[in-house]
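Structure first, then comments.
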Amino acid sequence: MTAVAQVEEAATVLRVEDVDVVYPGKGWRAPGFQALRSVSLDIQTAETVGLVGESGSGKSTLGRAVLGLVETASGRIEFRNRDITNLSRKQRRQMASDIQVVFQDPYTSFNPSMMIEDVLSEPLIGSGVPRRDAVARVRSLLDQVRLPADAGRRYPSEFSGGQRQRIGIARALALEPSLIVCDEPVSALDLSTQAIVLDLLIELQERTGVAYLFISHDLAVVRYVSHRVGVMTAGEIIEFGEADAVTSSPTEPYTQRLLLASPVADPERQRERREAFEATTVG
C-alpha cells in the first residue's frame, strides 16, 4: 500500500460494505422483511454524511446497524479498519468512547430523578475518569453547547426541547468519540431551534474533528449540515454524492420528488414546486 493510500485509509472512520438487514416476520412462518439491501458508504474524519429518505426507507435501520442495535444478515461494517459487524455486547460497550448517538428525543434516555451533571458525568466516571475531572469536563461541555452555568444542577424536565437536544449532544461528545450517529436530531424542533442545533453541530465538528452519520427525512436539513448525501428508498441507497449536487440537481426521479416536496420561503417558488410535485405524483 502506498503512503497516500495509507493516509486515506487512516482518515476513513466508517466503512459499510454491501450490508443487508432482514427483520423477522411477525407471524408464524411469515417471511422476513428486508430493511437494507446491499448498502455501502464511507465516512471520513471531520465529515458529515447525510442519509435522507421517507419513513420506512431504511435510513434509521442503517444507523442502528452501525450502532450494533440490529443484526446484519450479510455484509461488513468497519470502524477505523476494524470489523465491528458482529461484536458482542461487551465489545460494543467497550467501543462507547468511539461511537456515540444523538436521538430524536434524548429526554426518554435521561433519568428524570438525576441532575444533568450526574447524567453526563456517569459514563466518564464509568470509564475511569476521577469524579472531580468528570464534573469539570461536563461543565466545559455544557458551556460548549451554550447552556447556562447552572444547567448541570438542574433536572431534565426543567429544559426546553432544544436545550435537551443540546444536552444530548454534550453527552455524545463527553467520551470524545470519532463518530456520532445523529438520528433525526432536529425533526421535533421548531425551525429557529433547528438552526441553532445544526450550527452547533457544525461548530463542534470543526473544533473536534468528529464525524457524523446524519439521518433525516428533510432534504433541506441534510443539505445544510452534510458534505455528502445518500438518498434511500426501499432499503437501498439510490443516489450518493456531494451534498450540493445531490440536493440541487438530483438525477434520480425519487430524489427529484424529495426536492420538490421540500418547502421554500418564497411563496411563488413554493407554489411552483407544489404543482411540479403533484404533477410527478399523478404521472
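By order in the C-alpha cells, chains are A, B, ...; within a chain, residues start at 1; ligands start at 1, following the order shown.
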Exercise. Could you pull out all residues of range 61-168 of chain A with a DSSP call of helix (DSSP H, G or I) and give them as number ranges by chain?
Worked result: A: 61-67, 89-94, 106-109, 116-126, 131-144, 151-153, 156-158, 161-168
Report as a Markdown table the residues of range 4-113 of chain A within 8 Å of range 169-185 of chain A, each with its shortest atom pair and distance in Å (one decimal), using only C-alpha atoms, ordered by chain and increasing residue number.
```
| residue | atom | partner | partner_atom | distance |
| --- | --- | --- | --- | --- |
| A:Val13 | CA | A:Ser178 | CA | 7.1 |
| A:Thr45 | CA | A:Ser178 | CA | 7.5 |
| A:Ser60 | CA | A:Asp183 | CA | 6.6 |
| A:Gly63 | CA | A:Val181 | CA | 6.5 |
| A:Leu67 | CA | A:Val181 | CA | 7.9 |
| A:Ala96 | CA | A:Leu175 | CA | 7.7 |
| A:Ser97 | CA | A:Leu175 | CA | 4.9 |
| A:Asp98 | CA | A:Pro177 | CA | 4.1 |
| A:Ile99 | CA | A:Leu179 | CA | 4.9 |
| A:Gln100 | CA | A:Ile180 | CA | 4.7 |
| A:Val101 | CA | A:Val181 | CA | 4.6 |
| A:Val102 | CA | A:Cys182 | CA | 4.8 |
| A:Phe103 | CA | A:Asp183 | CA | 5.2 |
| A:Gln104 | CA | A:Pro185 | CA | 4.4 |
| A:Asp105 | CA | A:Pro185 | CA | 7.4 |
```
Save out the residues we just selected, C-alpha atoms, as a PDB file, in the first residue's frame.
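Result file is part_35.pdb:
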```
ATOM      1  CA  VAL A  13     -13.758   6.470  10.168  1.00  0.00           C
ATOM      2  CA  THR A  45     -12.701  12.184   9.683  1.00  0.00           C
ATOM      3  CA  SER A  60     -32.594   4.597  10.657  1.00  0.00           C
ATOM      4  CA  GLY A  63     -27.825   3.821  11.803  1.00  0.00           C
ATOM      5  CA  LEU A  67     -24.526   1.076  16.448  1.00  0.00           C
ATOM      6  CA  ALA A  96     -18.748   3.549  23.625  1.00  0.00           C
ATOM      7  CA  SER A  97     -15.927   6.080  23.692  1.00  0.00           C
ATOM      8  CA  ASP A  98     -15.547   5.769  19.904  1.00  0.00           C
ATOM      9  CA  ILE A  99     -19.132   5.713  18.589  1.00  0.00           C
ATOM     10  CA  GLN A 100     -21.978   7.695  20.148  1.00  0.00           C
ATOM     11  CA  VAL A 101     -25.555   8.570  19.178  1.00  0.00           C
ATOM     12  CA  VAL A 102     -27.912  11.549  19.369  1.00  0.00           C
ATOM     13  CA  PHE A 103     -31.567  10.524  19.194  1.00  0.00           C
ATOM     14  CA  GLN A 104     -34.612  12.483  18.068  1.00  0.00           C
ATOM     15  CA  ASP A 105     -35.830  12.846  21.668  1.00  0.00           C
TER      16      ASP A 105
END
```
Exercise. Using only C-alpha atoms, which of A:Ser192, A:Ile116, A:Ile238, A:Pro130 sits nearest Phe159 in chain A?
Worked result: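 Among the listed residues, A:Ile116 lies closest to Phe159 in chain A.
Proximity of A:Ala73, A:Ala11, A:Ala136, A:Leu200 to Pro24 in chain A, computed with only C-alpha atoms, is greatest for A:Ala73.
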For this session: Go through A:Lys90, A:Ser157, A:Glu71, A:Pro148 and flag the residue nearest Asn111 in chain A, using only C-alpha atoms for the distances.
Result: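 Residue with the minimum atom-to-atom distance to Asn111 in chain A: A:Ser157.
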Problem set entry | Contact residues around Gly50 in chain A with only C-alpha atoms at 10 Å, ignoring same-chain residues under 2 positions, as a list in words |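 Once the adjacent positions are removed, what remains is Ile43, Glu47, Thr48, Val52, Lys59, Cys182, Tyr212, Leu213, Phe214, Ile215, Ser216, Leu219, Val221, Val222, Arg223, Tyr224, Val225, Ser226, His227, Arg228, Val229, Gly230, Val231, Phe240 and Ala243 of chain A.
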Problem set entry | Atom-to-atom span, CA of Leu120 in chain A and CA of Leu198 in chain A, Å |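 Computing it gives 21.0 Å between the two atoms.
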Which residues are near Tyr107 in chain A? Cut-off 9 Å, only C-alpha atoms, ignore same chain within fewer than 4 positions. Put them as a short mmCIF file (atom, residue, chain, number, x, y, z; two decimals) with C-alpha atoms, in the first residue's frame.
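Contents of around11.cif, freshly written:
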```cif
data_model
loop_
_atom_site.label_atom_id
_atom_site.label_comp_id
_atom_site.auth_asym_id
_atom_site.auth_seq_id
_atom_site.Cartn_x
_atom_site.Cartn_y
_atom_site.Cartn_z
CA ASN A 111 -33.09 9.59 34.25
CA PRO A 112 -35.63 12.21 35.38
CA PRO A 156 -34.10 17.17 32.55
CA SER A 157 -37.70 18.33 32.94
CA GLY A 161 -36.76 20.55 23.70
CA ARG A 164 -32.44 18.92 25.92
CA GLN A 165 -31.12 18.21 22.44
CA GLY A 168 -27.85 15.10 24.28
#
```
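Relative to CA of Leu189 in chain A, CA of Thr61 in chain A is found at 22.1 Å.
Here CA of Glu203 in chain A stands at a distance of 24.6 Å from CA of Phe110 in chain A.
For range 69-100 of chain A, backbone-based DSSP assignment of strand (DSSP E) covers Ser74, Gly75, Arg76, Ile77, Glu78, Phe79, Arg82, Asp83, Ile99 and Gln100 of chain A.
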Preceding selection exported with N, CA, C and O atoms as an mmCIF file, in the first residue's frame:
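Output contents, as saved in result.cif:
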```cif
data_model
loop_
_atom_site.group_PDB
_atom_site.id
_atom_site.type_symbol
_atom_site.label_atom_id
_atom_site.label_comp_id
_atom_site.auth_asym_id
_atom_site.auth_seq_id
_atom_site.Cartn_x
_atom_site.Cartn_y
_atom_site.Cartn_z
ATOM 1 N N SER A 74 -25.909 -9.923 6.116
ATOM 2 C CA SER A 74 -24.682 -10.098 5.340
ATOM 3 C C SER A 74 -24.016 -8.740 5.190
ATOM 4 O O SER A 74 -24.590 -7.703 5.521
ATOM 5 N N GLY A 75 -22.809 -8.760 4.662
ATOM 6 C CA GLY A 75 -22.064 -7.515 4.500
ATOM 7 C C GLY A 75 -21.090 -7.282 5.637
ATOM 8 O O GLY A 75 -20.924 -8.129 6.526
ATOM 9 N N ARG A 76 -20.468 -6.119 5.640
ATOM 10 C CA ARG A 76 -19.393 -5.830 6.594
ATOM 11 C C ARG A 76 -19.437 -4.360 7.008
ATOM 12 O O ARG A 76 -19.655 -3.474 6.170
ATOM 13 N N ILE A 77 -19.246 -4.099 8.296
ATOM 14 C CA ILE A 77 -19.156 -2.740 8.826
ATOM 15 C C ILE A 77 -17.797 -2.603 9.505
ATOM 16 O O ILE A 77 -17.471 -3.372 10.418
ATOM 17 N N GLU A 78 -17.013 -1.633 9.061
ATOM 18 C CA GLU A 78 -15.690 -1.407 9.630
ATOM 19 C C GLU A 78 -15.625 -0.038 10.291
ATOM 20 O O GLU A 78 -16.124 0.948 9.742
ATOM 21 N N PHE A 79 -14.997 0.001 11.448
ATOM 22 C CA PHE A 79 -14.732 1.264 12.133
ATOM 23 C C PHE A 79 -13.227 1.386 12.296
ATOM 24 O O PHE A 79 -12.602 0.565 12.973
ATOM 25 N N ARG A 82 -11.365 -1.720 11.537
ATOM 26 C CA ARG A 82 -11.672 -2.878 12.377
ATOM 27 C C ARG A 82 -13.077 -3.362 12.049
ATOM 28 O O ARG A 82 -14.022 -2.568 12.012
ATOM 29 N N ASP A 83 -13.222 -4.652 11.847
ATOM 30 C CA ASP A 83 -14.533 -5.235 11.557
ATOM 31 C C ASP A 83 -15.372 -5.236 12.836
ATOM 32 O O ASP A 83 -15.026 -5.896 13.820
ATOM 33 N N ILE A 99 -17.905 5.491 19.360
ATOM 34 C CA ILE A 99 -19.132 5.713 18.589
ATOM 35 C C ILE A 99 -20.260 6.078 19.544
ATOM 36 O O ILE A 99 -20.575 5.312 20.465
ATOM 37 N N GLN A 100 -20.875 7.234 19.322
ATOM 38 C CA GLN A 100 -21.978 7.695 20.148
ATOM 39 C C GLN A 100 -23.191 7.995 19.270
ATOM 40 O O GLN A 100 -23.126 7.936 18.040
#
```
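In this comparison, which uses only C-alpha atoms, the residue of A:Arg15, A:Lys26, A:Arg154, A:Arg207 approaching Ile84 in chain A most closely is A:Arg15.
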